[in-house]
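Trainee: Supplied structure: input_22.cif, mmCIF, C-alpha atoms.
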data_query
#
loop_
_atom_site.group_PDB
_atom_site.id
_atom_site.type_symbol
_atom_site.label_atom_id
_atom_site.label_comp_id
_atom_site.auth_asym_id
_atom_site.auth_seq_id
_atom_site.Cartn_x
_atom_site.Cartn_y
_atom_site.Cartn_z
ATOM 1 C CA MET A 1 -1.206 -29.724 -25.007
ATOM 2 C CA GLN A 2 0.089 -29.267 -21.477
ATOM 3 C CA GLU A 3 -2.523 -28.357 -18.864
ATOM 4 C CA HIS A 4 -1.676 -25.105 -17.075
ATOM 5 C CA LYS A 5 -3.529 -24.551 -13.803
ATOM 6 C CA GLN A 6 -2.270 -21.108 -12.777
ATOM 7 C CA PRO A 7 -3.642 -17.994 -14.480
ATOM 8 C CA THR A 8 -1.652 -16.517 -17.346
ATOM 9 C CA TYR A 9 -0.743 -12.890 -16.714
ATOM 10 C CA VAL A 10 0.313 -10.187 -19.143
ATOM 11 C CA LYS A 11 3.280 -8.342 -17.671
ATOM 12 C CA SER A 12 5.003 -5.197 -18.913
ATOM 13 C CA ILE A 13 8.723 -4.763 -18.219
ATOM 14 C CA THR A 14 11.083 -1.930 -19.161
ATOM 15 C CA LEU A 15 14.454 -3.311 -20.252
ATOM 16 C CA ARG A 16 17.062 -1.012 -18.734
ATOM 17 C CA ASP A 17 19.912 -3.459 -18.245
ATOM 18 C CA PRO A 18 20.905 -6.940 -19.486
ATOM 19 C CA THR A 19 20.383 -8.279 -15.959
ATOM 20 C CA ASP A 20 16.620 -7.783 -16.485
ATOM 21 C CA VAL A 21 16.715 -10.884 -18.718
ATOM 22 C CA ASP A 22 16.611 -13.224 -15.716
ATOM 23 C CA GLU A 23 13.308 -11.710 -14.526
ATOM 24 C CA ILE A 24 11.868 -12.022 -18.033
ATOM 25 C CA LYS A 25 12.883 -15.679 -18.289
ATOM 26 C CA LEU A 26 11.351 -16.381 -14.878
ATOM 27 C CA ASP A 27 8.069 -14.815 -15.989
ATOM 28 C CA MET A 28 8.112 -16.916 -19.148
ATOM 29 C CA LYS A 29 8.670 -20.073 -17.100
ATOM 30 C CA LYS A 30 5.584 -19.076 -15.069
ATOM 31 C CA HIS A 31 3.630 -19.157 -18.367
ATOM 32 C CA ASN A 32 3.130 -15.379 -18.537
ATOM 33 C CA VAL A 33 2.983 -13.105 -21.576
ATOM 34 C CA VAL A 34 5.721 -10.476 -21.307
ATOM 35 C CA ILE A 35 5.720 -7.140 -23.142
ATOM 36 C CA ILE A 36 9.161 -5.551 -23.051
ATOM 37 C CA ARG A 37 9.879 -1.881 -23.643
ATOM 38 C CA VAL A 38 13.407 -1.832 -25.112
ATOM 39 C CA THR A 39 13.982 1.901 -25.642
ATOM 40 C CA PRO A 40 16.035 2.609 -22.474
ATOM 41 C CA LEU A 41 18.603 -0.101 -23.262
ATOM 42 C CA ALA A 42 18.584 0.830 -26.967
ATOM 43 C CA GLN A 43 19.490 4.404 -26.040
ATOM 44 C CA LYS A 44 22.373 3.218 -23.828
ATOM 45 C CA ASP A 45 23.898 0.422 -25.934
ATOM 46 C CA ILE A 46 22.376 -0.903 -29.165
ATOM 47 C CA ASP A 47 24.876 -3.784 -29.376
ATOM 48 C CA GLU A 48 23.928 -4.942 -25.883
ATOM 49 C CA LEU A 49 20.257 -4.754 -26.863
ATOM 50 C CA LYS A 50 20.927 -6.980 -29.883
ATOM 51 C CA LYS A 51 22.613 -9.563 -27.627
ATOM 52 C CA VAL A 52 19.702 -9.495 -25.181
ATOM 53 C CA VAL A 53 17.096 -9.862 -27.934
ATOM 54 C CA LYS A 54 19.022 -12.796 -29.423
ATOM 55 C CA GLU A 55 19.203 -14.461 -26.003
ATOM 56 C CA LEU A 56 15.471 -13.930 -25.418
ATOM 57 C CA TYR A 57 14.657 -15.210 -28.914
ATOM 58 C CA GLU A 58 16.668 -18.398 -28.354
ATOM 59 C CA PHE A 59 15.168 -18.929 -24.899
ATOM 60 C CA THR A 60 11.611 -18.373 -26.107
ATOM 61 C CA GLN A 61 12.114 -20.796 -28.995
ATOM 62 C CA SER A 62 13.636 -23.397 -26.667
ATOM 63 C CA ILE A 63 10.524 -23.471 -24.466
ATOM 64 C CA GLY A 64 8.115 -23.501 -27.422
ATOM 65 C CA GLY A 65 6.966 -19.916 -26.990
ATOM 66 C CA ASP A 66 6.730 -17.093 -29.499
ATOM 67 C CA ILE A 67 8.361 -13.670 -29.866
ATOM 68 C CA ALA A 68 7.506 -10.664 -32.032
ATOM 69 C CA ARG A 69 8.127 -6.970 -32.349
ATOM 70 C CA LEU A 70 5.351 -4.556 -31.415
ATOM 71 C CA GLY A 71 6.297 -1.381 -33.247
ATOM 72 C CA GLU A 72 9.612 0.327 -32.659
ATOM 73 C CA GLU A 73 9.756 0.224 -28.865
ATOM 74 C CA ARG A 74 8.337 -3.096 -27.727
ATOM 75 C CA ILE A 75 8.743 -6.861 -28.001
ATOM 76 C CA VAL A 76 6.181 -9.429 -26.888
ATOM 77 C CA LEU A 77 7.111 -12.894 -25.653
ATOM 78 C CA THR A 78 4.468 -15.563 -25.218
ATOM 79 C CA PRO A 79 4.557 -18.919 -23.439
ATOM 80 C CA PRO A 80 3.948 -22.265 -25.136
ATOM 81 C CA GLY A 81 0.449 -22.529 -26.575
ATOM 82 C CA VAL A 82 0.142 -18.772 -27.219
ATOM 83 C CA LYS A 83 1.144 -17.513 -30.658
ATOM 84 C CA VAL A 84 1.522 -13.971 -31.986
ATOM 85 C CA TRP A 85 -0.358 -13.151 -35.199
ATOM 86 C CA LYS A 86 2.317 -12.032 -37.677
ATOM 87 C CA GLY A 87 0.205 -11.955 -40.827
ATOM 88 C CA VAL A 88 -1.438 -9.055 -42.577
ATOM 89 C CA TYR A 89 -5.155 -8.443 -42.277
ATOM 90 C CA ASP A 90 -7.179 -8.280 -45.470
ATOM 91 C CA MET A 91 -8.462 -4.684 -45.470
ATOM 92 C CA LYS A 92 -10.946 -5.085 -48.363
#
Turn the structure described in the file into structure tokens.
Mentor:
Amino acid sequence: MQEHKQPTYVKSITLRDPTDVDEIKLDMKKHNVVIIRVTPLAQKDIDELKKVVKELYEFTQSIGGDIARLGEERIVLTPPGVKVWKGVYDMK
């Protein structure tokens, strides 16, 4: 596993425009966890949101990170070495 010397931050970003993708990618390259609120772009243009999510998915996969939905309004992207639990907890 690659040694990472800088701290890993958790950053929250509101996605208002497709141009916000560059900032998100930069944060991912800095090994940060990014939580994206997608509602503003979804309300403006759902097709544009789908394109952005696809681009972020492909980018995250290409760097070995992970991506998952957090409810209806948010997406989380993690850097390499950080995975999102996508299973179901046993509630017994």
Trainee: Could you pull out every residue with an atom within 12 Å of (-0.5, -18.2, -31.4), file coordinates, counting only C-alpha atoms, and send them as a list in words?
Mentor: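 The answer, in the requested form, is Val33, Gly64, Gly65, Asp66, Ile67, Ala68, Val76, Leu77, Thr78, Pro79, Pro80, Gly81, Val82, Lys83, Val84, Trp85, Lys86 and Gly87 of chain A.
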Trainee: Rounded to one decimal place, report the atom CA of A:Leu56-atom CA of A:Gly71 distance in Å.
Mentor: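 For atom CA of A:Leu56 relative to atom CA of A:Gly71, the distance reads 17.4 Å.
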Trainee: Within 10 Å of stretch 9-18 of chain A, counting only C-alpha atoms, which residues qualify if same-chain residues fewer than 4 places away don't, as number ranges by chain?
Mentor: A: 22-24, 27-28, 30-45, 48-49, 51-53, 74-78
Trainee: Please compute the atom CA of A:Lys50-atom CA of A:Glu73 distance, one decimal, in Å.
Mentor: 13.3 Å
Trainee: Distance atom CA of A:Ile46-atom CA of A:Leu26, one decimal place?
Mentor: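 The value is 23.8 Å.
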